[in-house]
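*Asks:* The structure's right below; bear with me while I get my questions together.
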Amino acid sequence: MTSAAGRLAAASGISELAAEAELARTSYGEGALVVCDRLVRIYALEGIEVQALQGLDLLIGKGELTAVVGASGSGKSTLMNILAGLDTPTAGSVQVAGHDLSGMTARERLSYRRQVVGFVWQQTSRNLLPYMTAWQNVVLPMRLRGAGRRERSARTAELLAVLGVTHCADRRPDQMSGGEQQRAAIATALANRPDLLLADEPTGELDSATAVDVFGALQRANAELGVTVLVVTHDPAVSAQVRRTIAIADGRTSTETLRHAAAEDGGLSQHAVEYAVLDRAGRVQLPLEMLEPLGMRDRVRLEAEPDHIGVWPDNPASRQPGQQQPAQQQPGEQP
Amino acid sequence: MRAAGRRLRAGLTTLTGTAAGASAVLAVLVIASVFVAVALPRASVSFRTKALRQVVAATPPTGRAIVASTDFTTLASALVIQPGPSSPGIGTDDMVAVADELAANLRAKRLPLQPVQDRWWGLTSGYAAVPDAARRAYFGTTPPQMEVLYRTNLGRNARLVAGTMPATVSAGAGRPVFQVAVTPATAARFMLHVGSVLKFPGQATLAVSGIIRPVRPGSTFWTADPDAARATFNQSRNAAFWLGGAFIGPAELVELENAVDSSQITMQWELPLRLSGIGADQVGALNNRLGAALNSAGLLTRSVQIPTSVTLSCGLAGALTDFVQAERRIAVLLSLLEVSLTMVGAVVLLLGGRLLAERRGGEFRLMRARGASRRQLAALGVRAGVVAVIPAAVAGTLIAILLTPSGSEPSAWWLAGLTAFAALVSVPLFALRQVPSAGLADERSDRQPTRQGRARRAVADLTLALAAAGGVAVLRQEAAARPSGTDWYTSAAPVLVAIPVAIVAVRLYPIAVRWLVRLSGRRHGVTTFVGLARAARTSLAAVLPAFALVLVLAVIAFGATLRAAVVRGDVAESWRATGADVVIDTYRSNVPIDGAVRHAIAAVPGVKRTSALSVLPGVAADGTPLTVIVVDPASYAALIAATPQPPFPAAALTGPGAGRGPGPMPVLASPSARQLVTGGRKVLVGYHDFAVRVTGTVRDVPGSSATGAFIVAPARAMVRTVGASEAQPSRVLVVGPGVDAARMRSVVGRQLPAATLAFRAGRLASLTGAPLAHGTYTAFAEGVAAAAVFGAVVVLIMLALGARSRELTLARLFTMGLSPGQARRLVITEALPAIIAATVGGAVCAWLLVPLIGPAVDLSPLTGSPVPVPVRADYALVGLLAAGLLALAIVTLFAQSVATRLRGVSRALRVGE
Ligand SMILES: Nc1ncnc2c1ncn2[C@@H]1O[C@H](COP(=O)(O)OP(=O)(O)O)[C@@H](O)[C@H]1O
Ligand SMILES: [Mg+2]
């Protein structure tokens, strides 16, 4: 991600942008597990169009555990459904583990769902078949894929153990607590060793203690099984434990928060740094609370400096080079 | 034990998934539809079989055998035997050989024959007068006649009561003396006893050696020739005499042939058919084989030297052909009903499958998201279907077989198979519809229906409608060409009529509802508006079940129309046959029908009108017999006017000459009598002749039973012309809706002994009680009932399919302060437009069915009359049943809205849409 952003930041002029775009087509998101490029999803309801996603860019590396936050209706579930292969974008491209999700045939889509993603929904009742035990539920995706009996039972036992629901193996969902159900659901989603685990508000129906519990299970799955996890959440307690949090607003990624654990005074402390997202066209969304005090409207003036870009209000009186303004943009992480 | 039970239950839940209730519903629907598909054809076979058995039983025993006959000379020349005094003759062996070859020929034609011991054959000498018979056998001066019979199996069919069985021929005075046996009845008429001797013309003397009593007198042996069992009295135009028969033994056969006039000898073989277990399903084939056998099985080649033919006949053949024709016409009607009902059943099962698939939709979608392929989902759907369908289909079949034990009908299996198949495919079909083809979770709502898509749908609609119209056209042509055409395509005619109507209704429905929405927005309350707006917003898939009701109502309309036509036809035929509710006829008694008698008859409870008439034999001027019917024009016309028959033109009989005035008598003439009496020609009645003037034509005079050439004359003029005693009424017609039959009988019995009474009600009862008519009527009534039940099921499934979204709407509106009364109004305005539209569609079907399939439907075998019955739509019954379905929908909707309120709004809201 960072290298692409860096190159884009350096680009200027239309012809160079076009050349960059040509280059980006082959190299944007190289090495990332999830690559969303200007994703658009429009729902048409009786003539009214709802733009659920309006050019969303997103890169997620392999093995990451990433949280997605955002107001209700901002398009989180839409994004998750597209990543899960349950929906297709209206425009834009999306790749997961090398699979191009917009151009898949039904057969490819099926094998994608069997091998690449696992999914956990918010409603506990939607994740598990009510008349099957936890064990049978976990086995089901493997049976659908056609896995052998021995592999199935070994994998199931392993998953139930990792997620701490071995004691529920022979219970049906109505005999399990909400937390146990969600952990069993995670086990089910992980049955076919997916590269990517998607969880859409998996703790939304749970009390906070249980939510921490379920989130812990997700973290364990990420750490012990190496699966990349993308989790939608409203719970600040959850997002506080995640290294990378992506905020979605109006169908676009708006800001990202990275938490660094740093060794300080012999103890471990966390630093959260909020970043604005630089999209592939070089657009940056500047927070209103930064713009208003400076009266920045309609247009701003940019100045390239050796290590940063200065943003200046379009105000002739204050056009004085060298005068530092608070609206500064650091490039993303250094390569 | 308990663990096993739990495991079984767990296994079952695994199979039925999240929708045990819907699975049970589907299973019940399968039981019902398979039952209907199997039971109706089987029941129809069993009542047709009953009718067939009646036809067979009504045929005399000898009619139930194949009778082969030939004359002696023909067979003798085929055997190269020269007739003459010393000829070797046709021996018993020759006759056995012929019998064997005939039996083999018939068996080759696959006719079922009774075992050998029930066959017999023989030879008859021909009648000859026996002048030396006892006086008692003479009729006046006419001597009796006698025939000599040789029969096989005489010993088995008769018991010797005196003397010995005939065995030998002895040489008498120049002529052989034949020992013979006679029955007691013949012996009594001819005053014969053992030892009596009779001279038989030709060269024979008959000596009675024994008296034999018939065993089983009703068998073909004793009934094929009535003279064999007893002397009979024969009367013809120019002679009357007694006739008897005497039996000889087998050893006397050849000598008899030589002794009597061999040109008079006839020979016959009786081979009874085995008909005891015959069913209506086999009668067509049997009739064909019988016809073929009668034509060709009489050719003898092996038992004779020179091939020859004997004449074969079977008394049953005509009756069987009539029955087959009637039965085939009825089979057409019944197959129309059966196939239509099966199709309705299949549609209901599709709805049941859809209900089940939608109830398990969440589960299917989860499986899909977890990586189930479409094939795996289909397999799951098939399994879900199999669990519910197969045991239910077996159960439905078994129940049907238990209730209709006697009728095996292959079409029943086809129909049942079709039904079960519809049920089996419905679940996977709708399961796959739950997960769209590209494997996406939601249907792509960002794509508006394209022009292409709309065009494709229009083409599909048009194709379906054209195919349906084609089917109806084929049916009509087939009916014109040959009345037996019953293939499945045409059998579905009622459904085929319904399909285009349903398509049009589905297309017009949204337009009509949107128009209603606009209308209600201006005038009515908010609930009506919201309800209609929801109805207008409902997707086509959601209202489609309602239009299955069009199909149901079409089948109901069809059944009801035919049922009503059969009733009308029977009533019309009963009027045609009797002319009045009661006809009292005194032609055999001499008691005059005077004023007192008529008064007594009119006083019987229930009598509305009476009229007397007389039927007199007359002769036209050219000598042609002519029936003269004498009526009192006023009372007769009034009586006829009180019946559904065409009015009687009384005015034509009341002109000049009708009463006291001069001039020829005004009469009405039948078309064939017109020629005989026009131009002032005279008519002779008794010893009086009088001139008539034809003032009108009548085809039919109800109550007179006159046909052919007849005239109708006014009573007053006839009394004046031929005298009161000659013109004395001989019949009284009575009309009244509920004439007390018992009282009428006793009054008539007292006042007019020996008079005959004909009750129209009796005629009607015999028409409607005839097995074919009654069975068909019942089948149609049952078919209408079954269709009504299917209709109720469609309504319930439709409301069940919409229940969840309706519950959600109600719950939301309850939170906004909707009152229970408003809720009721809301659900009704939402759900009823579709049902009402379907009802309108059904009424249109009822209206269309009459001209479309009416001409293809021939009810004459049911009404017993060649007069065609007008087929009219029975809107009343269709309307009644449609109203019933509406009421059911309203009650169900109320129950649903109450249930939502009781279950709690919050729960409904949490479950989600
Ligand atoms: N199936 C759908 N049809 C129409 N609009 C939809 C559909 N699903 C979501 N939307 C709309 O898209 C937007 C984003 O929805 P969603 O992705 O569910 O948001 P979130 O999960 O962030 O709350 C919302 O405005 C929602 O109303
Ligand atoms: Mg959401």
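The chains in the structure tokens are called A, B, ... from first to last as shown; in each chain the residues are counted from 1, and the ligands are counted from 1 in the order shown.
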Select, as an mmCIF file with N, CA and C atoms, in the first residue's frame, those residues of chain A with any atom no more than 10 Å from chain B (distances computed using only C-alpha atoms).
*Replies:*
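That gives us part.cif:
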```
data_model
loop_
_atom_site.group_PDB
_atom_site.id
_atom_site.type_symbol
_atom_site.label_atom_id
_atom_site.label_comp_id
_atom_site.auth_asym_id
_atom_site.auth_seq_id
_atom_site.Cartn_x
_atom_site.Cartn_y
_atom_site.Cartn_z
ATOM 1 N N ARG A 41 -20.947 0.430 -5.417
ATOM 2 C CA ARG A 41 -22.114 -0.453 -5.392
ATOM 3 C C ARG A 41 -23.353 0.412 -5.256
ATOM 4 N N ILE A 42 -24.229 0.304 -6.238
ATOM 5 C CA ILE A 42 -25.436 1.135 -6.255
ATOM 6 C C ILE A 42 -26.648 0.223 -6.146
ATOM 7 N N TYR A 43 -27.485 0.486 -5.181
ATOM 8 C CA TYR A 43 -28.760 -0.241 -5.097
ATOM 9 C C TYR A 43 -29.816 0.618 -5.760
ATOM 10 N N ALA A 44 -30.585 0.007 -6.636
ATOM 11 C CA ALA A 44 -31.671 0.757 -7.261
ATOM 12 C C ALA A 44 -32.982 0.236 -6.701
ATOM 13 N N LEU A 45 -33.685 1.119 -6.011
ATOM 14 C CA LEU A 45 -34.957 0.717 -5.421
ATOM 15 C C LEU A 45 -36.052 1.559 -6.024
ATOM 16 N N GLU A 46 -36.846 0.955 -6.881
ATOM 17 C CA GLU A 46 -37.983 1.649 -7.478
ATOM 18 C C GLU A 46 -37.592 3.036 -7.955
ATOM 19 N N GLY A 47 -36.531 3.088 -8.719
ATOM 20 C CA GLY A 47 -36.147 4.356 -9.319
ATOM 21 C C GLY A 47 -35.209 5.197 -8.457
ATOM 22 N N ILE A 48 -35.176 4.911 -7.137
ATOM 23 C CA ILE A 48 -34.266 5.681 -6.288
ATOM 24 C C ILE A 48 -32.955 4.915 -6.201
ATOM 25 N N GLU A 49 -31.861 5.613 -6.463
ATOM 26 C CA GLU A 49 -30.576 4.929 -6.388
ATOM 27 C C GLU A 49 -29.930 5.214 -5.048
ATOM 28 N N VAL A 50 -29.437 4.182 -4.414
ATOM 29 C CA VAL A 50 -28.687 4.357 -3.177
ATOM 30 C C VAL A 50 -27.242 3.976 -3.469
ATOM 31 N N ASN A 81 -20.178 -8.031 2.140
ATOM 32 C CA ASN A 81 -20.880 -8.969 1.258
ATOM 33 C C ASN A 81 -20.147 -9.127 -0.063
ATOM 34 N N ILE A 82 -19.576 -8.005 -0.534
ATOM 35 C CA ILE A 82 -18.835 -8.096 -1.798
ATOM 36 C C ILE A 82 -17.582 -8.933 -1.595
ATOM 37 N N ALA A 84 -17.194 -11.224 0.519
ATOM 38 C CA ALA A 84 -17.566 -12.622 0.766
ATOM 39 C C ALA A 84 -18.018 -13.321 -0.503
ATOM 40 N N GLY A 85 -18.128 -12.570 -1.593
ATOM 41 C CA GLY A 85 -18.592 -13.193 -2.835
ATOM 42 C C GLY A 85 -20.085 -13.395 -2.845
ATOM 43 N N LEU A 86 -20.799 -12.686 -1.944
ATOM 44 C CA LEU A 86 -22.253 -12.809 -1.907
ATOM 45 C C LEU A 86 -22.916 -11.713 -2.718
ATOM 46 N N ASP A 87 -22.130 -10.750 -3.164
ATOM 47 C CA ASP A 87 -22.668 -9.615 -3.902
ATOM 48 C C ASP A 87 -21.569 -9.195 -4.877
ATOM 49 N N THR A 88 -21.932 -8.512 -5.929
ATOM 50 C CA THR A 88 -20.884 -8.029 -6.839
ATOM 51 C C THR A 88 -20.954 -6.519 -6.936
ATOM 52 N N THR A 90 -20.998 -2.756 -8.511
ATOM 53 C CA THR A 90 -21.546 -2.179 -9.734
ATOM 54 C C THR A 90 -20.395 -1.713 -10.622
ATOM 55 N N MET A 104 -16.004 -13.179 -11.826
ATOM 56 C CA MET A 104 -15.972 -14.622 -11.598
ATOM 57 C C MET A 104 -17.183 -15.323 -12.194
ATOM 58 N N THR A 105 -16.976 -16.509 -12.703
ATOM 59 C CA THR A 105 -18.106 -17.332 -13.118
ATOM 60 C C THR A 105 -18.719 -17.938 -11.854
ATOM 61 N N ALA A 106 -19.896 -18.543 -12.030
ATOM 62 C CA ALA A 106 -20.575 -19.128 -10.881
ATOM 63 C C ALA A 106 -19.696 -20.196 -10.237
ATOM 64 N N ARG A 107 -19.016 -20.978 -11.082
ATOM 65 C CA ARG A 107 -18.171 -22.056 -10.570
ATOM 66 C C ARG A 107 -17.004 -21.495 -9.759
ATOM 67 N N ARG A 109 -16.912 -18.624 -8.330
ATOM 68 C CA ARG A 109 -17.454 -18.007 -7.130
ATOM 69 C C ARG A 109 -17.656 -19.057 -6.045
ATOM 70 N N LEU A 110 -18.145 -20.213 -6.484
ATOM 71 C CA LEU A 110 -18.370 -21.298 -5.535
ATOM 72 C C LEU A 110 -17.060 -21.740 -4.893
ATOM 73 N N SER A 111 -16.043 -21.949 -5.723
ATOM 74 C CA SER A 111 -14.789 -22.434 -5.141
ATOM 75 C C SER A 111 -14.144 -21.330 -4.304
ATOM 76 N N TYR A 112 -14.404 -20.079 -4.694
ATOM 77 C CA TYR A 112 -13.920 -18.959 -3.883
ATOM 78 C C TYR A 112 -14.535 -19.013 -2.483
ATOM 79 N N ARG A 113 -15.869 -19.235 -2.459
ATOM 80 C CA ARG A 113 -16.536 -19.285 -1.157
ATOM 81 C C ARG A 113 -16.088 -20.486 -0.343
ATOM 82 N N ARG A 114 -15.713 -21.553 -1.048
ATOM 83 C CA ARG A 114 -15.313 -22.747 -0.327
ATOM 84 C C ARG A 114 -13.901 -22.642 0.216
ATOM 85 N N GLN A 115 -13.013 -21.940 -0.526
ATOM 86 C CA GLN A 115 -11.620 -22.015 -0.152
ATOM 87 C C GLN A 115 -11.014 -20.711 0.336
ATOM 88 N N VAL A 117 -12.810 -17.564 1.558
ATOM 89 C CA VAL A 117 -13.382 -16.748 2.636
ATOM 90 C C VAL A 117 -14.231 -17.561 3.600
ATOM 91 N N GLY A 118 -14.282 -17.027 4.806
ATOM 92 C CA GLY A 118 -15.246 -17.515 5.789
ATOM 93 C C GLY A 118 -16.008 -16.302 6.282
ATOM 94 N N PHE A 119 -17.231 -16.517 6.784
ATOM 95 C CA PHE A 119 -18.094 -15.385 7.081
ATOM 96 C C PHE A 119 -18.820 -15.603 8.400
ATOM 97 N N SER A 125 -28.251 -16.314 15.156
ATOM 98 C CA SER A 125 -29.096 -17.362 14.593
ATOM 99 C C SER A 125 -28.850 -17.567 13.100
ATOM 100 N N ARG A 126 -28.224 -16.595 12.453
ATOM 101 C CA ARG A 126 -28.030 -16.750 11.012
ATOM 102 C C ARG A 126 -26.757 -17.514 10.677
ATOM 103 N N ASN A 127 -25.932 -17.778 11.704
ATOM 104 C CA ASN A 127 -24.635 -18.387 11.421
ATOM 105 C C ASN A 127 -24.628 -19.900 11.477
ATOM 106 N N LEU A 128 -25.564 -20.446 12.247
ATOM 107 C CA LEU A 128 -25.540 -21.889 12.459
ATOM 108 C C LEU A 128 -26.899 -22.473 12.101
ATOM 109 N N LEU A 129 -26.896 -23.695 11.561
ATOM 110 C CA LEU A 129 -28.162 -24.368 11.295
ATOM 111 C C LEU A 129 -28.721 -24.842 12.624
ATOM 112 N N PRO A 130 -29.940 -24.462 12.935
ATOM 113 C CA PRO A 130 -30.460 -24.672 14.282
ATOM 114 C C PRO A 130 -30.616 -26.145 14.672
ATOM 115 N N TYR A 131 -30.742 -27.025 13.667
ATOM 116 C CA TYR A 131 -31.023 -28.422 14.015
ATOM 117 C C TYR A 131 -29.771 -29.284 13.986
ATOM 118 N N MET A 132 -28.633 -28.636 13.854
ATOM 119 C CA MET A 132 -27.385 -29.401 13.860
ATOM 120 C C MET A 132 -26.565 -28.998 15.078
ATOM 121 N N LEU A 140 -20.071 -29.205 8.272
ATOM 122 C CA LEU A 140 -20.865 -28.973 7.066
ATOM 123 C C LEU A 140 -20.094 -28.340 5.900
ATOM 124 N N PRO A 141 -19.371 -27.217 6.097
ATOM 125 C CA PRO A 141 -18.676 -26.623 4.944
ATOM 126 C C PRO A 141 -17.667 -27.588 4.339
ATOM 127 N N MET A 142 -17.050 -28.408 5.189
ATOM 128 C CA MET A 142 -16.061 -29.364 4.654
ATOM 129 C C MET A 142 -16.760 -30.447 3.850
ATOM 130 N N ARG A 143 -17.942 -30.844 4.324
ATOM 131 C CA ARG A 143 -18.683 -31.844 3.556
ATOM 132 C C ARG A 143 -19.129 -31.257 2.233
ATOM 133 N N LEU A 144 -19.521 -29.994 2.255
ATOM 134 C CA LEU A 144 -19.947 -29.352 1.008
ATOM 135 C C LEU A 144 -18.786 -29.312 0.025
ATOM 136 N N ARG A 145 -17.566 -29.139 0.577
ATOM 137 C CA ARG A 145 -16.390 -29.087 -0.295
ATOM 138 C C ARG A 145 -15.998 -30.484 -0.729
ATOM 139 N N THR A 188 -16.948 -22.553 12.323
ATOM 140 C CA THR A 188 -17.574 -22.984 11.072
ATOM 141 C C THR A 188 -17.001 -22.209 9.894
ATOM 142 N N ALA A 189 -16.834 -20.901 10.104
ATOM 143 C CA ALA A 189 -16.319 -20.069 9.015
ATOM 144 C C ALA A 189 -14.880 -20.439 8.680
ATOM 145 N N ALA A 191 -13.637 -23.470 8.815
ATOM 146 C CA ALA A 191 -13.509 -24.910 8.586
ATOM 147 C C ALA A 191 -12.643 -25.239 7.380
ATOM 148 N N ASN A 192 -12.841 -24.507 6.298
ATOM 149 C CA ASN A 192 -12.122 -24.854 5.069
ATOM 150 C C ASN A 192 -10.807 -24.091 4.903
#
```
*Asks:* Would you pick out the contacts of Ser177 of chain A at 10 Å or less, using only C-alpha atoms, so that residues sharing its chain but fewer than 3 positions from it are not included, and give the list as a PyMOL selection string?
*Replies:* chain A and resi 124+168+173-174+180-183+206+210
*Asks:* With only C-alpha atoms as the counted atoms, please give the residues lying no more than 6 Å from segment 423-433 of chain B, apart from itself and same-chain residues fewer than 2 positions off, as a list in words.
*Replies:*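 What passes the distance filter is Leu349, Leu350, Gly353, Arg354, Ala357, Ala378, Gly381, Val382, Gly385, Ala420, Phe421, Val435 and Pro436 of chain B.
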*Asks:* Can you work out which residues are within 8 Å of ligand 2, considering only C-alpha atoms and all ligand atoms, and then hand them over as a ChimeraX atom specification?
*Replies:* /A:72-73,75-78,200-201
*Asks:* Using only C-alpha atoms, which protein or nucleic acid residues come within 6 Å of segment 571-586 of chain B? Drop anything in the same chain fewer than 6 positions from it, and give the result as a VMD selection string.
*Replies:* chain B and resid 702 to 703 730 to 735 755 to 760 763 to 764
